[in-house]
>>> print(open('my_file-v9.pdb').read())   # PDB, C-alpha atoms
MODEL        1
ATOM      1  CA  MET A  17     -12.847  35.043 -76.720  1.00  0.00           C
ATOM      2  CA  LYS A  18     -16.162  36.051 -75.112  1.00  0.00           C
ATOM      3  CA  THR A  19     -14.975  34.527 -71.840  1.00  0.00           C
ATOM      4  CA  LEU A  20     -11.756  36.564 -71.935  1.00  0.00           C
ATOM      5  CA  VAL A  21     -13.638  39.803 -72.603  1.00  0.00           C
ATOM      6  CA  LEU A  22     -16.161  39.039 -69.859  1.00  0.00           C
ATOM      7  CA  PHE A  23     -13.396  38.128 -67.405  1.00  0.00           C
ATOM      8  CA  SER A  24     -11.494  41.329 -68.243  1.00  0.00           C
ATOM      9  CA  ALA A  25     -14.616  43.461 -67.751  1.00  0.00           C
ATOM     10  CA  VAL A  26     -15.392  41.860 -64.380  1.00  0.00           C
ATOM     11  CA  ALA A  27     -11.758  42.262 -63.249  1.00  0.00           C
ATOM     12  CA  LEU A  28     -11.780  45.931 -64.228  1.00  0.00           C
ATOM     13  CA  VAL A  29     -15.013  46.568 -62.298  1.00  0.00           C
ATOM     14  CA  LEU A  30     -13.681  44.788 -59.205  1.00  0.00           C
ATOM     15  CA  LEU A  31     -10.353  46.629 -59.294  1.00  0.00           C
ATOM     16  CA  THR A  32     -12.121  49.952 -59.649  1.00  0.00           C
ATOM     17  CA  ALA A  33     -14.606  49.218 -56.857  1.00  0.00           C
ATOM     18  CA  CYS A  34     -12.016  47.788 -54.469  1.00  0.00           C
ATOM     19  CA  GLY A  35      -9.251  50.313 -55.092  1.00  0.00           C
ATOM     20  CA  ASP A  36      -7.934  52.697 -52.461  1.00  0.00           C
ATOM     21  CA  LYS A  37     -10.407  55.307 -51.311  1.00  0.00           C
ATOM     22  CA  LYS A  38      -9.295  58.705 -52.569  1.00  0.00           C
ATOM     23  CA  PRO A  39      -9.607  61.776 -50.337  1.00  0.00           C
ATOM     24  CA  VAL A  40     -12.423  64.129 -51.278  1.00  0.00           C
ATOM     25  CA  SER A  41     -11.348  67.035 -49.052  1.00  0.00           C
ATOM     26  CA  PRO A  42      -7.913  68.652 -48.935  1.00  0.00           C
ATOM     27  CA  HIS A  43      -5.596  67.205 -46.299  1.00  0.00           C
ATOM     28  CA  GLU A  44      -3.130  68.952 -44.058  1.00  0.00           C
ATOM     29  CA  THR A  45      -0.548  68.156 -41.435  1.00  0.00           C
ATOM     30  CA  SER A  46      -0.357  70.672 -38.603  1.00  0.00           C
ATOM     31  CA  THR A  47       2.774  70.596 -36.492  1.00  0.00           C
ATOM     32  CA  GLY A  48       3.575  72.041 -33.116  1.00  0.00           C
ATOM     33  CA  PRO A  49       6.166  71.488 -30.434  1.00  0.00           C
ATOM     34  CA  GLY A  50       6.280  67.693 -29.971  1.00  0.00           C
ATOM     35  CA  ILE A  51       2.973  67.015 -31.727  1.00  0.00           C
ATOM     36  CA  SER A  52       1.565  66.737 -35.250  1.00  0.00           C
ATOM     37  CA  VAL A  53      -1.951  66.167 -36.605  1.00  0.00           C
ATOM     38  CA  ARG A  54      -2.904  64.800 -40.048  1.00  0.00           C
ATOM     39  CA  TYR A  55      -6.503  65.493 -41.060  1.00  0.00           C
ATOM     40  CA  GLY A  56      -8.930  66.123 -43.895  1.00  0.00           C
ATOM     41  CA  ARG A  57     -10.315  69.674 -44.077  1.00  0.00           C
ATOM     42  CA  PRO A  58     -14.001  69.691 -45.013  1.00  0.00           C
ATOM     43  CA  TYR A  59     -15.845  72.927 -45.791  1.00  0.00           C
ATOM     44  CA  LYS A  60     -18.978  74.296 -44.132  1.00  0.00           C
ATOM     45  CA  LYS A  61     -20.677  75.169 -47.462  1.00  0.00           C
ATOM     46  CA  GLY A  62     -23.610  76.881 -45.743  1.00  0.00           C
ATOM     47  CA  ARG A  63     -24.480  73.811 -43.652  1.00  0.00           C
ATOM     48  CA  ILE A  64     -25.105  73.613 -39.930  1.00  0.00           C
ATOM     49  CA  ILE A  65     -22.126  71.561 -38.786  1.00  0.00           C
ATOM     50  CA  PHE A  66     -22.475  70.508 -35.133  1.00  0.00           C
ATOM     51  CA  GLY A  67     -25.989  69.398 -34.321  1.00  0.00           C
ATOM     52  CA  GLY A  68     -26.637  69.149 -38.083  1.00  0.00           C
ATOM     53  CA  LEU A  69     -24.149  67.533 -40.479  1.00  0.00           C
ATOM     54  CA  GLU A  70     -22.327  66.099 -37.445  1.00  0.00           C
ATOM     55  CA  PRO A  71     -24.991  65.148 -34.890  1.00  0.00           C
ATOM     56  CA  PHE A  72     -24.497  65.814 -31.199  1.00  0.00           C
ATOM     57  CA  GLU A  73     -23.748  62.750 -29.046  1.00  0.00           C
ATOM     58  CA  LYS A  74     -22.306  60.755 -31.985  1.00  0.00           C
ATOM     59  CA  VAL A  75     -18.649  59.812 -32.599  1.00  0.00           C
ATOM     60  CA  TYR A  76     -17.050  61.982 -35.307  1.00  0.00           C
ATOM     61  CA  ARG A  77     -13.646  61.470 -36.993  1.00  0.00           C
ATOM     62  CA  CYS A  78     -12.832  65.191 -36.597  1.00  0.00           C
ATOM     63  CA  GLY A  79     -12.016  65.695 -40.255  1.00  0.00           C
ATOM     64  CA  ALA A  80     -12.885  64.246 -43.618  1.00  0.00           C
ATOM     65  CA  ASP A  81     -12.135  60.955 -45.357  1.00  0.00           C
ATOM     66  CA  SER A  82      -9.680  58.852 -43.331  1.00  0.00           C
ATOM     67  CA  ALA A  83      -9.755  59.366 -39.583  1.00  0.00           C
ATOM     68  CA  THR A  84      -7.565  62.114 -38.162  1.00  0.00           C
ATOM     69  CA  THR A  85      -4.274  61.022 -36.582  1.00  0.00           C
ATOM     70  CA  VAL A  86      -2.260  62.654 -33.816  1.00  0.00           C
ATOM     71  CA  THR A  87       1.429  61.900 -33.284  1.00  0.00           C
ATOM     72  CA  PHE A  88       3.255  62.701 -30.045  1.00  0.00           C
ATOM     73  CA  ASP A  89       7.064  62.753 -30.256  1.00  0.00           C
ATOM     74  CA  LYS A  90       7.326  61.963 -26.548  1.00  0.00           C
ATOM     75  CA  ASP A  91       5.044  61.210 -23.619  1.00  0.00           C
ATOM     76  CA  ALA A  92       2.582  64.033 -23.016  1.00  0.00           C
ATOM     77  CA  LEU A  93      -0.314  65.250 -20.964  1.00  0.00           C
ATOM     78  CA  PHE A  94      -3.233  65.602 -23.375  1.00  0.00           C
ATOM     79  CA  GLY A  95      -6.236  67.227 -21.755  1.00  0.00           C
ATOM     80  CA  GLY A  96      -4.515  66.606 -18.437  1.00  0.00           C
ATOM     81  CA  LYS A  97      -4.180  62.855 -19.012  1.00  0.00           C
ATOM     82  CA  LEU A  98      -0.980  60.955 -19.709  1.00  0.00           C
ATOM     83  CA  VAL A  99      -0.518  59.624 -23.239  1.00  0.00           C
ATOM     84  CA  LYS A 100       2.560  57.688 -24.363  1.00  0.00           C
ATOM     85  CA  ALA A 101       4.621  58.806 -27.356  1.00  0.00           C
ATOM     86  CA  GLY A 102       3.192  57.416 -30.580  1.00  0.00           C
ATOM     87  CA  THR A 103       0.472  57.884 -33.181  1.00  0.00           C
ATOM     88  CA  TYR A 104      -3.227  57.682 -32.372  1.00  0.00           C
ATOM     89  CA  THR A 105      -6.534  58.089 -34.164  1.00  0.00           C
ATOM     90  CA  LEU A 106      -8.493  61.130 -32.967  1.00  0.00           C
ATOM     91  CA  PHE A 107     -12.253  61.003 -32.526  1.00  0.00           C
ATOM     92  CA  VAL A 108     -14.597  63.466 -30.860  1.00  0.00           C
ATOM     93  CA  ILE A 109     -18.132  63.310 -29.542  1.00  0.00           C
ATOM     94  CA  PRO A 110     -19.591  66.792 -29.892  1.00  0.00           C
ATOM     95  CA  HIS A 111     -22.099  67.979 -27.311  1.00  0.00           C
ATOM     96  CA  PRO A 112     -23.636  71.477 -27.305  1.00  0.00           C
ATOM     97  CA  GLN A 113     -21.538  72.724 -24.357  1.00  0.00           C
ATOM     98  CA  SER A 114     -18.538  70.348 -24.420  1.00  0.00           C
ATOM     99  CA  TRP A 115     -16.770  67.736 -26.513  1.00  0.00           C
ATOM    100  CA  THR A 116     -15.416  64.367 -25.484  1.00  0.00           C
ATOM    101  CA  ILE A 117     -11.991  63.945 -27.081  1.00  0.00           C
ATOM    102  CA  ILE A 118     -10.896  60.349 -27.747  1.00  0.00           C
ATOM    103  CA  LEU A 119      -7.500  58.948 -28.682  1.00  0.00           C
ATOM    104  CA  ASN A 120      -7.620  55.406 -30.045  1.00  0.00           C
ATOM    105  CA  SER A 121      -4.655  53.148 -30.836  1.00  0.00           C
ATOM    106  CA  GLN A 122      -6.197  51.533 -33.955  1.00  0.00           C
ATOM    107  CA  LEU A 123      -4.664  53.256 -36.982  1.00  0.00           C
ATOM    108  CA  GLY A 124      -5.839  53.122 -40.594  1.00  0.00           C
ATOM    109  CA  GLN A 125      -9.526  53.750 -39.919  1.00  0.00           C
ATOM    110  CA  TRP A 126     -11.717  55.312 -42.613  1.00  0.00           C
ATOM    111  CA  GLY A 127     -13.948  57.868 -40.933  1.00  0.00           C
ATOM    112  CA  ALA A 128     -15.622  56.697 -37.740  1.00  0.00           C
ATOM    113  CA  PHE A 129     -17.501  53.857 -39.400  1.00  0.00           C
ATOM    114  CA  ASP A 130     -15.632  51.119 -37.489  1.00  0.00           C
ATOM    115  CA  TYR A 131     -15.180  53.006 -34.218  1.00  0.00           C
ATOM    116  CA  GLU A 132     -17.491  50.647 -32.304  1.00  0.00           C
ATOM    117  CA  LYS A 133     -15.377  47.708 -33.474  1.00  0.00           C
ATOM    118  CA  TYR A 134     -12.205  49.295 -32.033  1.00  0.00           C
ATOM    119  CA  LYS A 135     -13.486  51.357 -29.098  1.00  0.00           C
ATOM    120  CA  ASN A 136     -11.845  48.891 -26.701  1.00  0.00           C
ATOM    121  CA  LEU A 137      -8.540  50.353 -27.998  1.00  0.00           C
ATOM    122  CA  ASP A 138      -9.306  53.848 -26.665  1.00  0.00           C
ATOM    123  CA  VAL A 139      -6.337  55.132 -24.679  1.00  0.00           C
ATOM    124  CA  LEU A 140      -8.057  58.202 -23.267  1.00  0.00           C
ATOM    125  CA  HIS A 141     -11.251  60.209 -23.093  1.00  0.00           C
ATOM    126  CA  VAL A 142     -11.200  63.825 -21.955  1.00  0.00           C
ATOM    127  CA  ASP A 143     -13.976  66.420 -21.889  1.00  0.00           C
ATOM    128  CA  VAL A 144     -13.282  70.003 -22.952  1.00  0.00           C
ATOM    129  CA  PRO A 145     -15.614  73.019 -23.066  1.00  0.00           C
ATOM    130  CA  VAL A 146     -16.941  74.502 -26.303  1.00  0.00           C
ATOM    131  CA  THR A 147     -16.378  78.170 -27.102  1.00  0.00           C
ATOM    132  CA  LYS A 148     -18.857  79.807 -29.479  1.00  0.00           C
ATOM    133  CA  LEU A 149     -17.033  81.957 -32.033  1.00  0.00           C
ATOM    134  CA  ASP A 150     -18.387  85.286 -33.304  1.00  0.00           C
ATOM    135  CA  ASN A 151     -17.154  84.572 -36.823  1.00  0.00           C
ATOM    136  CA  VAL A 152     -17.766  81.531 -39.001  1.00  0.00           C
ATOM    137  CA  VAL A 153     -14.759  79.312 -39.780  1.00  0.00           C
ATOM    138  CA  GLU A 154     -15.514  77.956 -43.269  1.00  0.00           C
ATOM    139  CA  GLN A 155     -12.996  75.095 -43.276  1.00  0.00           C
ATOM    140  CA  LEU A 156     -12.183  72.761 -40.392  1.00  0.00           C
ATOM    141  CA  THR A 157      -8.878  73.911 -38.911  1.00  0.00           C
ATOM    142  CA  ILE A 158      -6.688  72.237 -36.299  1.00  0.00           C
ATOM    143  CA  SER A 159      -3.884  74.421 -34.981  1.00  0.00           C
ATOM    144  CA  LEU A 160      -1.106  73.605 -32.545  1.00  0.00           C
ATOM    145  CA  PRO A 161       0.127  76.649 -30.684  1.00  0.00           C
ATOM    146  CA  PRO A 162       2.422  75.881 -27.750  1.00  0.00           C
ATOM    147  CA  SER A 163       0.514  74.011 -25.027  1.00  0.00           C
ATOM    148  CA  ALA A 164      -2.744  73.285 -26.892  1.00  0.00           C
ATOM    149  CA  MET A 165      -4.542  71.666 -29.790  1.00  0.00           C
ATOM    150  CA  ILE A 166      -7.258  73.985 -31.064  1.00  0.00           C
ATOM    151  CA  ILE A 167     -10.093  72.785 -33.305  1.00  0.00           C
ATOM    152  CA  ASP A 168     -12.175  75.429 -35.115  1.00  0.00           C
ATOM    153  CA  TRP A 169     -15.097  74.912 -37.484  1.00  0.00           C
ATOM    154  CA  ASP A 170     -18.296  76.813 -38.143  1.00  0.00           C
ATOM    155  CA  GLN A 171     -18.778  78.884 -34.971  1.00  0.00           C
ATOM    156  CA  THR A 172     -17.321  76.242 -32.654  1.00  0.00           C
ATOM    157  CA  GLN A 173     -13.914  76.078 -31.001  1.00  0.00           C
ATOM    158  CA  VAL A 174     -12.447  73.594 -28.563  1.00  0.00           C
ATOM    159  CA  ALA A 175      -8.988  73.722 -27.007  1.00  0.00           C
ATOM    160  CA  ILE A 176      -7.283  70.651 -25.586  1.00  0.00           C
ATOM    161  CA  PRO A 177      -4.336  71.423 -23.274  1.00  0.00           C
ATOM    162  CA  VAL A 178      -1.066  69.725 -24.305  1.00  0.00           C
ATOM    163  CA  ALA A 179       2.045  69.567 -22.119  1.00  0.00           C
ATOM    164  CA  PHE A 180       5.300  67.645 -22.327  1.00  0.00           C
ATOM    165  CA  ALA A 181       7.568  66.638 -19.474  1.00  0.00           C
ATOM    166  CA  GLN A 182      10.735  68.695 -19.253  1.00  0.00           C
ATOM    167  CA  ASN A 183      13.817  66.526 -19.800  1.00  0.00           C
TER     168      ASN A 183
ENDMDL
END
>>> encode(input="my_file-v9.pdb", output="structure tokens")
Amino acid sequence: MKTLVLFSAVALVLLTACGDKKPVSPHETSTGPGISVRYGRPYKKGRIIFGGLEPFEKVYRCGADSATTVTFDKDALFGGKLVKAGTYTLFVIPHPQSWTIILNSQLGQWGAFDYEKYKNLDVLHVDVPVTKLDNVVEQLTISLPPSAMIIDWDQTQVAIPVAFAQN
């Protein structure tokens, strides 16, 4: 009987520890013409975001919890570079004056913890300038107006041009 109780307790601990990771931040899917983005939306909460919570020169998942994904319905120019239709993981490397935007073909990543393991699956890198905002954006927001992907958080904004071939 003791063995059964002990086995049950160990099984319960293992199942709890190894279960699916639950999102901590709210998640959202932004959609635009021919493109959609699924991402976690962390809050600023009085913190310095870029150059603080998210260090400069280090790969960031551009969201919270699981890595952000971008889906293109058809081939596109993303930051001026060709990307095939499909779903990609989005990473960024923030710098004070620009960001390097990365699309990676390895899906299912949690944060950027395994980026180094899969960086050989990068499909593009593009640099975009940073715009300093006058107002603070409390919650990370990715919007998709026609012809761009715009990322706003804290007092930082980047815009990545997006274009689709006319059929």
>>> residues_around(input="my_file-v9.pdb", residues="Gly62 (chain A)", least_positions_apart="3", cutoff="12 Å", atoms="all atoms listed in the file", output="list in words")
Tyr59, Ile65, Gly68, Leu69, Val152, Val153, Glu154, Gln155, Asp170 and Gln171 of chain A
>>> resolve_selection(input="my_file-v9.pdb", expression="the PyMOL selection byres ((chain A and resi 97) around 12)", output="list in words")
Asp91, Ala92, Leu93, Phe94, Gly95, Gly96, Leu98, Val99, Lys100, Ile117, Ile118, Leu119, Val139, Leu140, His141, Val142, Asp143, Ile176, Pro177, Val178, Ala179 and Phe180 of chain A
>>> resolve_selection(input="my_file-v9.pdb", expression="the PyMOL selection byres ((chain A and resi 45) around 12)", output="ChimeraX atom specification")
/A:42-44,46-48,51-57,79,84-87,157-160
>>> closest_residue(input="my_file-v9.pdb", among="A:Ser114, A:Asn120, A:Gln125, A:Asn151", to="Val174 (chain A)", atoms="only C-alpha atoms")
A:Ser114
>>> residues_around(input="my_file-v9.pdb", residues="Ala101 (chain A)", least_positions_apart="2", cutoff="6 Å", atoms="only C-alpha atoms", output="number ranges by chain")
A: 88-91
>>> resolve_selection(input="my_file-v9.pdb", expression="the PyMOL selection byres ((chain A and resi 107-110) around 6)", output="list in words")
Phe72, Glu73, Lys74, Val75, Tyr76, Arg77, Cys78, Leu106, His111, Trp115, Thr116, Ile117 and Ile118 of chain A
>>> atom_distance(input="my_file-v9.pdb", atom1="CA of Glu132 (chain A)", atom2="CA of Ala175 (chain A)")
25.2 Å
>>> atom_distance(input="my_file-v9.pdb", atom1="CA of Thr103 (chain A)", atom2="CA of Asp138 (chain A)")
12.4 Å
>>> closest_residue(input="my_file-v9.pdb", among="A:Gly50, A:Tyr104, A:Arg63, A:Leu123", to="Pro161 (chain A)", atoms="all atoms listed in the file")
A:Gly50
>>> build_atoms(input="my_file-v9.pdb", residues="region 60-95 of chain A", atoms="N, CA and C atoms", output="compact mmCIF listing (two decimals), in the coordinates of the input")
# COMPACT_ATOMS: atom_id res chain seq x y z
N LYS A 60 -17.64 74.08 -44.68
CA LYS A 60 -18.98 74.30 -44.13
C LYS A 60 -20.03 74.33 -45.24
N LYS A 61 -19.78 75.06 -46.30
CA LYS A 61 -20.68 75.17 -47.46
C LYS A 61 -22.12 75.50 -47.07
N GLY A 62 -22.28 76.42 -46.12
CA GLY A 62 -23.61 76.88 -45.74
C GLY A 62 -24.38 75.93 -44.84
N ARG A 63 -23.79 74.81 -44.48
CA ARG A 63 -24.48 73.81 -43.65
C ARG A 63 -24.33 74.12 -42.17
N ILE A 64 -25.26 73.62 -41.38
CA ILE A 64 -25.10 73.61 -39.93
C ILE A 64 -24.21 72.41 -39.63
N ILE A 65 -23.09 72.65 -38.98
CA ILE A 65 -22.13 71.56 -38.79
C ILE A 65 -22.47 70.73 -37.55
N PHE A 66 -22.28 71.29 -36.36
CA PHE A 66 -22.48 70.51 -35.13
C PHE A 66 -23.93 70.61 -34.69
N GLY A 67 -24.56 69.45 -34.56
CA GLY A 67 -25.99 69.40 -34.32
C GLY A 67 -26.76 69.33 -35.63
N GLY A 68 -26.04 69.26 -36.75
CA GLY A 68 -26.64 69.15 -38.08
C GLY A 68 -25.92 68.07 -38.86
N LEU A 69 -24.95 68.49 -39.71
CA LEU A 69 -24.15 67.53 -40.48
C LEU A 69 -23.49 66.50 -39.55
N GLU A 70 -22.93 66.98 -38.46
CA GLU A 70 -22.33 66.10 -37.44
C GLU A 70 -23.21 66.16 -36.20
N PRO A 71 -24.03 65.12 -36.00
CA PRO A 71 -24.99 65.15 -34.89
C PRO A 71 -24.30 65.20 -33.52
N PHE A 72 -24.97 65.85 -32.58
CA PHE A 72 -24.50 65.81 -31.20
C PHE A 72 -24.61 64.38 -30.68
N GLU A 73 -23.73 64.05 -29.74
CA GLU A 73 -23.75 62.75 -29.05
C GLU A 73 -23.32 61.57 -29.92
N LYS A 74 -22.73 61.84 -31.09
CA LYS A 74 -22.31 60.76 -31.98
C LYS A 74 -20.81 60.90 -32.29
N VAL A 75 -20.09 59.78 -32.33
CA VAL A 75 -18.65 59.81 -32.60
C VAL A 75 -18.38 60.38 -33.99
N TYR A 76 -17.44 61.31 -34.06
CA TYR A 76 -17.05 61.98 -35.31
C TYR A 76 -15.54 61.87 -35.47
N ARG A 77 -15.07 61.66 -36.69
CA ARG A 77 -13.65 61.47 -36.99
C ARG A 77 -12.83 62.75 -36.89
N CYS A 78 -13.49 63.87 -36.71
CA CYS A 78 -12.83 65.19 -36.60
C CYS A 78 -12.02 65.51 -37.84
N GLY A 79 -12.66 65.41 -38.98
CA GLY A 79 -12.02 65.69 -40.26
C GLY A 79 -12.85 65.10 -41.37
N ALA A 80 -12.20 64.84 -42.47
CA ALA A 80 -12.88 64.25 -43.62
C ALA A 80 -12.08 63.04 -44.09
N ASP A 81 -12.77 62.13 -44.75
CA ASP A 81 -12.14 60.96 -45.36
C ASP A 81 -11.56 60.05 -44.27
N SER A 82 -10.27 59.73 -44.34
CA SER A 82 -9.68 58.85 -43.33
C SER A 82 -9.68 59.57 -41.98
N ALA A 83 -9.71 58.78 -40.92
CA ALA A 83 -9.76 59.37 -39.58
C ALA A 83 -8.49 60.17 -39.31
N THR A 84 -8.66 61.23 -38.55
CA THR A 84 -7.56 62.11 -38.16
C THR A 84 -6.59 61.36 -37.26
N THR A 85 -5.29 61.63 -37.45
CA THR A 85 -4.27 61.02 -36.58
C THR A 85 -3.48 62.10 -35.87
N VAL A 86 -3.07 61.77 -34.65
CA VAL A 86 -2.26 62.65 -33.82
C VAL A 86 -1.00 61.89 -33.44
N THR A 87 0.15 62.52 -33.64
CA THR A 87 1.43 61.90 -33.28
C THR A 87 2.11 62.73 -32.21
N PHE A 88 2.50 62.07 -31.12
CA PHE A 88 3.26 62.70 -30.04
C PHE A 88 4.69 62.21 -30.14
N ASP A 89 5.65 63.12 -30.17
CA ASP A 89 7.06 62.75 -30.26
C ASP A 89 7.58 62.15 -28.96
N LYS A 90 6.95 62.51 -27.85
CA LYS A 90 7.33 61.96 -26.55
C LYS A 90 6.08 61.94 -25.68
N ASP A 91 6.18 61.29 -24.53
CA ASP A 91 5.04 61.21 -23.62
C ASP A 91 4.52 62.62 -23.33
N ALA A 92 3.19 62.72 -23.21
CA ALA A 92 2.58 64.03 -23.02
C ALA A 92 1.39 63.95 -22.08
N LEU A 93 0.97 65.11 -21.62
CA LEU A 93 -0.31 65.25 -20.96
C LEU A 93 -1.23 65.87 -22.00
N PHE A 94 -2.28 65.15 -22.36
CA PHE A 94 -3.23 65.60 -23.38
C PHE A 94 -4.57 65.75 -22.67
N GLY A 95 -5.02 66.98 -22.53
CA GLY A 95 -6.24 67.23 -21.76
C GLY A 95 -6.06 66.86 -20.30
